[in-house]
Amino acid sequence: MLIAGNWKMNMDVPEGRALAQVIADRLSTHSHSFDGVDFAICPPFVHLQSVIDAVDSVPVAVGAQDMHAEDEGAYTGDVSAPMLTSVGCHYVILGHSERREYYDETDADVNRKVKQAQVHDLVPIVCVGETLEQRESGEAASVVRAQVDGALADVSIEDPGGLVVAYEPVWAIGTGESAAPEQAQEMHAVIRGDLTERYGAAVAANVPLLYGGSMKPHNAYGLLSQPDIDGGLIGSASLQADRFLGIAEEAESVLKETTS
Ligand code: PGA
């Protein structure tokens with residue numbers, strides 16, 4: 001189960017360092033073992049070094065929220081994959097709906113970045129999800145399938161640990177209204193099916209599929225207990241240690257329940 005925080009464009013560097021430090025302290029002293037729960041934090045670029053330092057002694061991976069598809073060059077304002085790996089990033093979020101909406105990122109852009117991430121051993125967290133309009137017109141599954149197909153065109157995956165897909169319905173992001181667990185499961189099953197066709201059942205079954213969109217401690221259990229939901233990509237609730245770790249506690253309960 002992967003519990004990943006997407007800090008988006010929040011906090012200054014001292015605030016981010018302090019939050020990462022609280023999370024690290026709680027993980028090293030916590031009464032919960034968080035067995036089977038993997039953690040990731042994806043802060044803004046300028047926070048990466050201080051967050052990586054803060055979580056140095058605990059098992060929390062760090063990721064970026066985007067990157068450029070080239071190694072280097074005249075791309076003012078951009079950050080490359082080699083830069084991210086040189087600082088110690090493990091993950092990179094790609095194709096978040098906010099990038100698609102505000103920066104016109106297309107599936108082809110996401111595809112180029114996924115390939116670049118693979119070259120540099122960064123694990124892409126590929127985000128897909130339909131708008132409310134698309135859901136209401138019955139297109140949710142076809143939109144999401146097209147996004148997965150677009151992002152993964154000509155991408156081969158042999159190690160399921162080399163890819164994460166996050167289903168994030170646009171209408172649930174930042175709204176306080178998560179998808180219902182059954183609604184989310186239905187879409188995760190579509191994604192799993194698509195990955196199975198592409199990479200075979202053995203690989204597809206082990207690619208972590210995260211749900212994102214207003215996941216909070218109070219709704220996490222229902223979502224995380226769905227068979228095809230392997231974790232969460234958490235926005236606003238990841239900005240407070242109590243809520244972020246509260247979701248991880250729910251993940252731990254789900255895991256205990258399924259193994260008992
Ligand atoms: P949210 O954001 O949890 O604040 O809805 C999730 C995301 O956009 O990754």
# chains A, B, ... in the order shown; residues from 1 in each chain; ligands from 1

$ residues_around --residues "His188 of chain A" --least-positions-apart "2" --cutoff "10 Å" --atoms "only C-alpha atoms" --output "list in words"
Ala141, Val144, Val165, Ala166, Tyr167, Glu182, Gln183, Ala184, Gln185, Glu186, Val190, Ile191, Arg192, Gly193, Asp194, Leu209, Leu210, Tyr211, Gln226, Pro227, Asp228, Ile229 and Asp230 of chain A

$ residues_near_ligand --ligand "ligand 1" --cutoff "6 Å" --atoms "only C-alpha atoms and all ligand atoms" --output "PyMOL selection string"
chain A and resi 6+173-174+212-215+233-236

$ atom_distance --atom1 "atom CA of His32 of chain A" --atom2 "atom CA of Pro59 of chain A"
14.0 Å

$ closest_residue --among "A:Asp38, A:Leu94, A:Asn10, A:Glu15" --to "Gly231 of chain A" --atoms "only C-alpha atoms"
A:Asp38

$ atom_distance --atom1 "atom CA of Ala151 of chain A" --atom2 "atom CA of Val110 of chain A"
5.4 Å

$ select_by_dssp --residues "segment 142-245 of chain A" --states "helix (DSSP H, G or I)" --output "PyMOL selection string"
chain A and resi 142-151+160-162+170-172+181-199+201-204+217-224+236-239+241-245

$ residues_around --residues "segment 62-77 of chain A" --least-positions-apart "4" --cutoff "10 Å" --atoms "only C-alpha atoms" --output "PyMOL selection string"
chain A and resi 4-9+39-49+51-52+55+81-85+87-96+99+109-117+120+122-125

$ closest_residue --among "A:Gln240, A:Gln147, A:Asn206, A:Ser80" --to "Val128 of chain A" --atoms "only C-alpha atoms"
A:Gln147

$ closest_residue --among "A:Ile3, A:Ser260, A:Pro217, A:Trp171" --to "Val37 of chain A" --atoms "only C-alpha atoms"
A:Ile3

$ closest_residue --among "A:Val170, A:Ala179, A:Val155, A:Ala108" --to "Glu133 of chain A" --atoms "only C-alpha atoms"
A:Val170

$ closest_residue --among "A:Ser142, A:Thr106, A:Gln134, A:Ser238" --to "Met11 of chain A" --atoms "only C-alpha atoms"
A:Ser238

$ closest_residue --among "A:Leu152, A:Lys256, A:Leu163, A:Ala241" --to "Ile23 of chain A" --atoms "only C-alpha atoms"
A:Ala241

$ select_by_dssp --residues "segment 19-244 of chain A" --states "strand (DSSP E or B)" --output "ChimeraX atom specification"
/A:38-42,60-64,91-94,123-128,164-167,209-212,231-234

$ atom_distance --atom1 "atom CA of Ala61 of chain A" --atom2 "atom CA of Leu2 of chain A"
10.3 Å

$ decode --residues "segment 41-129 of chain A" --atoms "C-alpha atoms" --output "compact mmCIF listing (two decimals), in the first residue's frame"
# COMPACT_ATOMS: atom_id res chain seq x y z
CA ILE A 41 6.21 12.84 -0.25
CA CYS A 42 6.12 14.98 -3.38
CA PRO A 43 6.89 18.58 -2.47
CA PRO A 44 7.66 21.54 -4.74
CA PHE A 45 11.12 21.49 -6.36
CA VAL A 46 12.71 23.97 -3.95
CA HIS A 47 11.77 21.76 -0.99
CA LEU A 48 13.28 18.56 -2.34
CA GLN A 49 16.67 18.76 -0.66
CA SER A 50 15.38 19.71 2.78
CA VAL A 51 12.60 17.10 2.69
CA ILE A 52 15.07 14.42 1.58
CA ASP A 53 17.35 15.41 4.48
CA ALA A 54 14.46 15.41 6.96
CA VAL A 55 13.27 11.89 6.07
CA ASP A 56 16.78 10.50 5.72
CA SER A 57 16.49 8.00 8.58
CA VAL A 58 12.92 6.79 7.91
CA PRO A 59 11.51 4.82 4.96
CA VAL A 60 9.88 7.69 3.11
CA ALA A 61 10.60 8.12 -0.58
CA VAL A 62 10.58 11.57 -2.13
CA GLY A 63 9.27 12.60 -5.51
CA ALA A 64 8.80 15.66 -7.68
CA GLN A 65 5.51 16.94 -9.06
CA ASP A 66 6.60 17.24 -12.69
CA MET A 67 9.72 17.39 -14.87
CA HIS A 68 10.87 18.21 -18.38
CA ALA A 69 11.23 15.49 -21.01
CA GLU A 70 14.80 16.49 -21.98
CA ASP A 71 18.00 15.98 -19.99
CA GLU A 72 19.14 19.60 -20.20
CA GLY A 73 18.98 22.69 -22.35
CA ALA A 74 17.48 26.12 -22.87
CA TYR A 75 14.19 25.51 -21.05
CA THR A 76 13.92 28.39 -18.63
CA GLY A 77 12.03 27.46 -15.52
CA ASP A 78 12.13 23.71 -16.06
CA VAL A 79 13.71 20.88 -14.10
CA SER A 80 15.08 17.67 -15.63
CA ALA A 81 15.10 14.00 -14.63
CA PRO A 82 18.89 13.92 -14.00
CA MET A 83 18.47 16.90 -11.67
CA LEU A 84 15.79 15.03 -9.74
CA THR A 85 17.82 11.86 -9.42
CA SER A 86 20.92 13.82 -8.42
CA VAL A 87 19.08 15.19 -5.41
CA GLY A 88 17.70 11.74 -4.49
CA CYS A 89 14.17 11.62 -5.90
CA HIS A 90 12.58 8.24 -6.41
CA TYR A 91 9.22 9.26 -7.89
CA VAL A 92 7.89 11.91 -10.24
CA ILE A 93 4.21 12.76 -10.61
CA LEU A 94 3.34 13.10 -14.31
CA GLY A 95 0.19 14.28 -16.05
CA HIS A 96 -1.59 15.62 -12.98
CA SER A 97 -4.91 17.12 -14.05
CA GLU A 98 -3.72 20.55 -12.86
CA ARG A 99 -0.79 20.33 -15.30
CA ARG A 100 -3.17 19.16 -18.04
CA GLU A 101 -5.62 21.98 -17.31
CA TYR A 102 -3.33 24.96 -16.62
CA TYR A 103 -0.36 24.06 -18.85
CA ASP A 104 -2.17 22.23 -21.63
CA GLU A 105 -0.22 19.04 -21.05
CA THR A 106 -1.30 16.34 -23.46
CA ASP A 107 -1.09 12.56 -23.29
CA ALA A 108 1.79 12.82 -25.79
CA ASP A 109 3.68 15.12 -23.38
CA VAL A 110 3.03 12.71 -20.53
CA ASN A 111 4.24 9.82 -22.70
CA ARG A 112 7.53 11.59 -23.47
CA LYS A 113 8.06 12.27 -19.77
CA VAL A 114 7.23 8.68 -18.78
CA LYS A 115 9.91 7.44 -21.21
CA GLN A 116 12.38 9.98 -19.86
CA ALA A 117 11.60 8.94 -16.27
CA GLN A 118 12.32 5.31 -17.19
CA VAL A 119 15.67 6.22 -18.74
CA HIS A 120 16.68 7.81 -15.45
CA ASP A 121 15.19 5.21 -13.11
CA LEU A 122 12.57 7.53 -11.72
CA VAL A 123 9.23 5.89 -11.00
CA PRO A 124 6.46 7.86 -12.71
CA ILE A 125 3.18 8.32 -10.88
CA VAL A 126 0.98 8.76 -13.94
CA CYS A 127 -2.26 10.62 -13.15
CA VAL A 128 -5.47 10.02 -15.08
CA GLY A 129 -9.06 10.96 -14.43
